$ cat protein.cif   # mmCIF, C-alpha atoms
data_final
#
loop_
_atom_site.label_atom_id
_atom_site.label_comp_id
_atom_site.auth_asym_id
_atom_site.auth_seq_id
_atom_site.Cartn_x
_atom_site.Cartn_y
_atom_site.Cartn_z
CA MET A 19 -18.52 17.90 19.47
CA ASP A 20 -16.07 19.17 16.85
CA THR A 21 -16.09 15.92 14.87
CA ASP A 22 -14.16 17.26 11.87
CA HIS A 23 -11.51 18.86 14.15
CA ASP A 24 -11.49 22.21 12.35
CA GLY A 25 -11.65 24.22 15.58
CA THR A 26 -15.20 25.46 15.09
CA LEU A 27 -18.63 24.10 15.91
CA SER A 28 -20.65 23.92 12.70
CA PRO A 29 -24.47 24.01 12.66
CA ALA A 30 -24.53 20.33 11.71
CA GLU A 31 -22.24 19.38 14.61
CA ALA A 32 -24.30 21.47 17.05
CA SER A 33 -27.52 19.90 15.81
CA ALA A 34 -26.13 16.39 16.18
CA GLN A 35 -24.96 17.11 19.72
CA ALA A 36 -28.33 18.63 20.64
CA GLY A 37 -30.16 15.57 19.36
CA ARG A 38 -27.99 13.19 21.40
CA ASP A 39 -28.17 15.20 24.61
CA CYS A 40 -31.91 15.90 24.41
CA SER A 41 -32.66 12.25 23.70
CA ALA A 42 -30.74 11.26 26.82
CA LEU A 43 -32.51 13.89 28.91
CA THR A 44 -35.91 12.82 27.58
CA ALA A 45 -35.23 9.22 28.56
CA GLY A 46 -34.49 10.28 32.14
CA ILE A 47 -37.70 12.24 32.71
CA HIS A 48 -40.45 10.57 34.73
CA ALA A 49 -43.91 12.15 34.94
CA THR A 50 -47.34 10.85 35.91
CA THR A 51 -50.89 12.15 35.94
CA ALA A 52 -53.52 11.13 38.46
CA PRO A 53 -57.25 11.81 37.92
CA PRO A 54 -59.42 13.51 40.55
CA PRO A 55 -60.16 11.32 43.59
CA ALA A 56 -63.76 10.79 42.47
CA GLN A 57 -62.64 8.95 39.34
CA PRO A 58 -61.69 5.27 39.62
CA ALA A 59 -58.86 5.38 37.08
CA GLY A 60 -55.34 5.12 38.42
CA PRO A 61 -52.20 7.13 37.63
CA ALA A 62 -50.90 7.22 34.05
CA VAL A 63 -47.31 7.57 32.98
CA LEU A 64 -46.59 10.36 30.51
CA THR A 65 -44.47 9.51 27.48
CA PHE A 66 -42.54 12.53 26.26
CA ARG A 67 -41.50 13.03 22.65
CA LEU A 68 -38.73 15.32 21.47
CA ARG A 69 -40.07 18.07 19.22
CA ALA A 70 -36.99 20.28 18.79
CA ALA A 71 -33.39 20.38 20.01
CA THR A 72 -30.88 23.23 19.70
CA TYR A 73 -27.35 23.78 20.94
CA ARG A 74 -25.44 27.05 20.67
CA LEU A 75 -22.43 28.76 22.16
CA LEU A 76 -22.89 31.99 24.12
CA PRO A 77 -20.27 34.41 25.49
CA GLY A 78 -19.17 33.43 28.98
CA GLN A 79 -16.72 34.61 31.60
CA ALA A 80 -13.17 35.67 30.67
CA GLY A 81 -13.75 35.24 26.94
CA LEU A 82 -14.82 31.60 27.24
CA HIS A 83 -17.97 30.17 25.72
CA THR A 84 -20.97 28.70 27.54
CA GLY A 85 -22.97 26.00 25.82
CA ARG A 86 -26.76 26.34 25.93
CA LEU A 87 -28.89 23.27 25.20
CA GLU A 88 -32.64 23.64 24.69
CA CYS A 89 -34.98 20.65 24.37
CA ARG A 90 -38.68 21.07 23.59
CA LEU A 91 -40.76 18.06 24.58
CA THR A 92 -44.44 17.17 24.42
CA ALA A 93 -46.56 14.42 25.96
CA PRO A 94 -50.26 13.77 25.32
CA ALA A 95 -52.50 13.60 28.38
CA THR A 96 -56.17 13.86 29.31
CA LEU A 97 -56.40 16.33 32.16
CA ALA A 98 -59.38 17.63 34.14
CA ARG A 99 -60.00 19.79 37.17
CA GLY A 100 -58.66 18.13 40.29
CA ALA A 101 -56.06 16.07 38.39
CA ARG A 102 -52.51 15.94 39.69
CA VAL A 103 -49.31 16.00 37.67
CA ARG A 104 -46.00 14.88 39.15
CA PHE A 105 -42.72 15.51 37.35
CA THR A 106 -39.14 14.39 37.99
CA SER A 107 -36.35 15.78 35.83
CA GLY A 108 -34.17 12.67 36.14
CA VAL A 109 -30.97 14.66 36.62
CA GLN A 110 -28.45 12.54 38.46
CA ASP A 111 -27.61 13.51 42.02
CA SER A 112 -23.93 13.65 41.07
CA HIS A 113 -24.60 16.52 38.63
CA ILE A 114 -24.05 19.63 40.72
CA GLY A 115 -25.05 23.09 39.62
CA TRP A 116 -28.22 25.09 39.08
CA HIS A 117 -31.42 23.00 38.75
CA GLU A 118 -34.70 24.85 38.36
CA ILE A 119 -38.29 23.89 37.46
CA THR A 120 -41.22 26.20 36.74
CA ALA A 121 -44.86 25.35 35.98
CA ARG A 122 -47.33 27.43 34.02
CA GLY A 123 -50.77 26.67 32.66
CA ALA A 124 -51.53 27.65 29.06
CA GLY A 125 -55.28 27.17 28.89
CA ILE A 126 -55.04 24.82 31.86
CA PRO A 127 -55.21 26.80 35.13
CA LEU A 128 -53.15 25.62 38.06
CA ALA A 129 -54.74 25.49 41.50
CA THR A 130 -51.55 24.75 43.44
CA SER A 131 -47.95 24.12 42.55
CA ASP A 132 -44.84 23.52 44.63
CA VAL A 133 -42.67 25.25 42.00
CA PRO A 134 -42.91 28.88 40.85
CA ALA A 135 -44.47 30.06 37.62
CA ARG A 136 -41.64 32.49 36.85
CA SER A 137 -37.98 31.57 36.62
CA VAL A 138 -35.66 33.55 38.90
CA SER A 139 -32.83 33.02 36.40
CA GLY A 140 -34.77 34.07 33.29
CA GLU A 141 -34.88 30.42 32.17
CA LEU A 142 -31.16 29.96 32.81
CA HIS A 143 -30.10 33.16 31.02
CA THR A 144 -29.22 35.43 33.97
CA TYR A 145 -28.32 33.90 37.31
CA PRO A 146 -28.84 36.03 40.47
CA ALA A 147 -25.38 36.87 41.79
CA ASP A 148 -26.50 36.50 45.40
CA LEU A 149 -27.56 32.87 44.82
CA LEU A 150 -24.48 31.54 43.04
CA SER A 151 -22.93 30.34 46.31
CA SER A 152 -26.11 28.35 47.05
CA PRO A 153 -27.73 27.56 43.69
CA LEU A 154 -31.26 26.27 43.33
CA ASP A 155 -31.56 22.49 43.25
CA THR A 156 -35.13 21.63 42.22
CA ARG A 157 -35.60 18.26 40.51
CA HIS A 158 -39.24 17.42 41.36
CA ALA A 159 -42.55 19.20 40.86
CA ALA A 160 -46.17 18.51 41.81
CA VAL A 161 -49.10 20.43 40.31
CA LEU A 162 -52.84 20.34 41.06
CA LEU A 163 -55.14 21.52 38.27
CA GLY A 164 -57.98 23.87 39.21
CA ALA A 165 -60.68 26.11 37.83
CA GLY A 166 -58.70 29.33 37.84
CA PRO A 167 -55.35 30.90 38.75
CA GLY A 168 -54.63 29.76 42.25
CA PRO A 169 -51.99 30.20 44.93
CA ALA A 170 -49.09 28.83 42.96
CA THR A 171 -45.91 29.21 44.94
CA THR A 172 -43.34 31.78 43.98
CA ALA A 173 -39.63 31.49 44.42
CA ARG A 174 -38.45 33.29 47.53
CA THR A 175 -34.95 34.57 46.92
CA PRO A 176 -32.91 37.04 48.92
CA ALA A 177 -32.61 40.43 47.31
CA ALA A 178 -29.16 41.42 46.15
CA GLY A 179 -27.85 44.56 47.82
CA TRP A 180 -25.71 47.31 46.34
CA ALA A 181 -22.52 45.59 47.54
CA THR A 182 -23.40 42.38 45.67
CA HIS A 183 -24.16 44.25 42.44
CA TRP A 184 -20.93 46.25 42.76
CA TYR A 185 -18.92 43.09 43.41
CA ALA A 186 -20.41 41.35 40.34
CA ALA A 187 -19.67 44.37 38.12
CA LEU A 188 -16.07 44.50 39.37
CA ASP A 189 -15.68 40.77 38.70
CA ARG A 190 -16.87 41.21 35.10
CA HIS A 191 -14.48 44.15 34.62
CA LEU A 192 -11.54 42.11 35.90
CA GLY A 193 -12.41 39.33 33.45
CA ALA A 194 -12.45 41.85 30.60
CA LEU A 195 -9.05 43.21 31.66
CA THR A 196 -7.34 39.81 31.72
CA ASP A 197 -9.00 38.56 28.53
CA ARG A 198 -6.15 39.82 26.36
CA ARG A 199 -3.31 38.18 24.53
CA THR A 200 -0.80 40.73 25.86
CA LEU A 201 -0.90 42.56 29.18
CA THR A 202 0.92 45.84 29.77
CA LEU A 203 2.50 46.50 33.15
CA PRO A 204 -0.11 49.09 34.27
CA VAL A 205 -2.99 46.82 33.29
CA GLY A 206 -1.35 43.86 35.03
CA LEU A 207 -0.86 45.86 38.24
CA LEU A 208 -4.45 47.07 38.05
CA ALA A 209 -5.62 43.48 37.63
CA VAL A 210 -3.67 42.43 40.73
CA LEU A 211 -5.16 45.32 42.73
CA MET A 212 -8.66 44.43 41.58
CA SER A 213 -8.00 40.80 42.52
CA LEU A 214 -7.18 41.88 46.07
CA VAL A 215 -10.38 43.91 46.27
CA LEU A 216 -12.39 41.01 44.85
CA GLY A 217 -10.84 38.66 47.37
CA ALA A 218 -11.83 40.94 50.24
CA GLY A 219 -15.36 41.23 48.84
CA HIS A 220 -15.58 37.49 48.38
CA ALA A 221 -14.61 36.99 52.01
CA ALA A 222 -17.38 39.34 53.14
CA LEU A 223 -20.14 37.73 51.05
CA PRO A 224 -21.96 34.48 51.94
CA GLY A 225 -20.24 31.20 51.22
CA HIS A 226 -17.38 28.96 52.37
CA GLY A 227 -19.27 27.91 55.48
CA LYS A 228 -18.92 31.24 57.27
CA THR A 229 -22.34 30.71 58.84
CA ILE A 230 -21.15 27.38 60.24
CA MET A 231 -17.99 28.97 61.63
CA ALA A 232 -20.00 31.79 63.19
CA ALA A 233 -22.37 29.28 64.81
CA TYR A 234 -19.36 27.32 66.10
CA LEU A 235 -17.82 30.41 67.67
CA ALA A 236 -21.16 31.45 69.19
CA GLY A 237 -21.75 27.96 70.58
CA ARG A 238 -18.28 27.91 72.14
CA GLN A 239 -18.75 31.49 73.38
CA GLY A 240 -15.68 32.40 71.43
CA ARG A 241 -13.83 35.64 72.05
CA PRO A 242 -12.90 38.13 69.32
CA ARG A 243 -9.38 36.67 69.46
CA ASP A 244 -10.81 33.24 68.54
CA ALA A 245 -12.66 34.72 65.57
CA VAL A 246 -9.47 36.41 64.37
CA THR A 247 -7.62 33.10 64.70
CA VAL A 248 -10.21 31.27 62.59
CA ALA A 249 -10.24 34.04 59.98
CA THR A 250 -6.43 34.12 59.80
CA THR A 251 -6.30 30.35 59.38
CA VAL A 252 -8.82 30.43 56.53
CA THR A 253 -6.92 33.29 54.86
CA LEU A 254 -3.58 31.49 55.06
CA THR A 255 -4.95 28.19 53.77
CA HIS A 256 -6.74 29.93 50.87
CA THR A 257 -3.63 31.85 49.90
CA ALA A 258 -1.30 28.86 50.27
CA SER A 259 -3.53 26.61 48.16
CA VAL A 260 -3.80 29.21 45.38
CA LEU A 261 -0.02 29.70 45.34
CA ALA A 262 0.54 25.94 45.30
CA LEU A 263 -1.87 25.47 42.39
CA GLY A 264 -0.26 28.37 40.54
#
$ encode --input "protein.cif" --output "structure tokens"
Amino acid sequence: MDTDHDGTLSPAEASAQAGRDCSALTAGIHATTAPPPAQPAGPAVLTFRLRAATYRLLPGQAGLHTGRLECRLTAPATLARGARVRFTSGVQDSHIGWHEITARGAGIPLATSDVPARSVSGELHTYPADLLSSPLDTRHAAVLLGAGPGPATTARTPAAGWATHWYAALDRHLGALTDRRTLTLPVGLLAVLMSLVLGAGHAALPGHGKTIMAAYLAGRQGRPRDAVTVATTVTLTHTASVLALG
């Protein structure tokens, strides 16, 4: 993106990147509208047009930046009560990460929707810490227009407990400690200690297929000694791989 290679992202460079990325995203979107069953007309394909595109850098973890791309699109359509709208984001299956779709009616009430009206991540601003190990992956949406606010679905997400909030706060504090050009010995030792605590917390939280391992042990009627063996094996392989990478 830094086309003049001066080490900074100028407004012109950010605008050019936003235009390219949003144009590519717009081309991948596929959406159709279908009239009520009583009408003889068939489905119509929506043609989206890019209205505005912005790209900016936001503070991320450990002093790094996170790029935020926003694309505002519009597509003309004639909609009536009983019409259906189907939307596909077009994101490739190989693109892993958080994918979320919401649907709201501004002057057009929704009767039913298979996506929520409110974003659980604040429109990709604040991700729930308890969902990062299993991020949302919504790429399709179907909406039925009605006469008034109807039973639109809401996202059902597990509530984060005090341990999850504490773990996330400790993780942010560790990132702030290590985000320095020079580390003193006390700060370095404190960072190592916090890393050990974070590792223990990470092992206790969901992720890394622990549910699968628990189901395996239960299915085999494993003894506590078998569970300790599995846990020790995972610990050793994790530690060995980190040391090897380091």
$ residues_around --input "protein.cif" --residues "His117 of chain A" --least-positions-apart "4" --cutoff "9 Å" --atoms "all atoms listed in the file" --output "mmCIF file with C-alpha atoms, in the frame of the given file"
data_model
loop_
_atom_site.group_PDB
_atom_site.id
_atom_site.type_symbol
_atom_site.label_atom_id
_atom_site.label_comp_id
_atom_site.auth_asym_id
_atom_site.auth_seq_id
_atom_site.Cartn_x
_atom_site.Cartn_y
_atom_site.Cartn_z
ATOM 1 C CA VAL A 109 -30.970 14.660 36.620
ATOM 2 C CA PRO A 153 -27.730 27.560 43.690
ATOM 3 C CA LEU A 154 -31.260 26.270 43.330
ATOM 4 C CA ASP A 155 -31.560 22.490 43.250
ATOM 5 C CA THR A 156 -35.130 21.630 42.220
ATOM 6 C CA ARG A 157 -35.600 18.260 40.510
#
$ atom_distance --input "protein.cif" --atom1 "atom CA of Asp132 of chain A" --atom2 "atom CA of Glu88 of chain A"
23.4 Å
$ resolve_selection --input "protein.cif" --expression "the PyMOL selection byres ((chain A and resi 123-125) around 9)" --output "list in words"
Ala121, Arg122, Ile126, Pro127, Leu128, Ala135, Leu163 and Pro167 of chain A
$ closest_residue --input "protein.cif" --among "A:Ser41, A:Thr51, A:Gln79, A:Ser139" --to "Leu91 of chain A" --atoms "only C-alpha atoms"
A:Ser41
$ residues_near_point --input "protein.cif" --point "(-14.7, 28.8, 61.7)" --cutoff "12 Å" --atoms "only C-alpha atoms" --output "compact mmCIF listing (two decimals) with C-alpha atoms, keeping the file's coordinate frame"
# COMPACT_ATOMS: atom_id res chain seq x y z
CA HIS A 226 -17.38 28.96 52.37
CA GLY A 227 -19.27 27.91 55.48
CA LYS A 228 -18.92 31.24 57.27
CA THR A 229 -22.34 30.71 58.84
CA ILE A 230 -21.15 27.38 60.24
CA MET A 231 -17.99 28.97 61.63
CA ALA A 232 -20.00 31.79 63.19
CA ALA A 233 -22.37 29.28 64.81
CA TYR A 234 -19.36 27.32 66.10
CA LEU A 235 -17.82 30.41 67.67
CA ALA A 236 -21.16 31.45 69.19
CA GLY A 237 -21.75 27.96 70.58
CA ARG A 238 -18.28 27.91 72.14
CA GLY A 240 -15.68 32.40 71.43
CA ASP A 244 -10.81 33.24 68.54
CA ALA A 245 -12.66 34.72 65.57
CA VAL A 246 -9.47 36.41 64.37
CA THR A 247 -7.62 33.10 64.70
CA VAL A 248 -10.21 31.27 62.59
CA ALA A 249 -10.24 34.04 59.98
CA THR A 250 -6.43 34.12 59.80
CA THR A 251 -6.30 30.35 59.38
CA VAL A 252 -8.82 30.43 56.53
CA THR A 253 -6.92 33.29 54.86
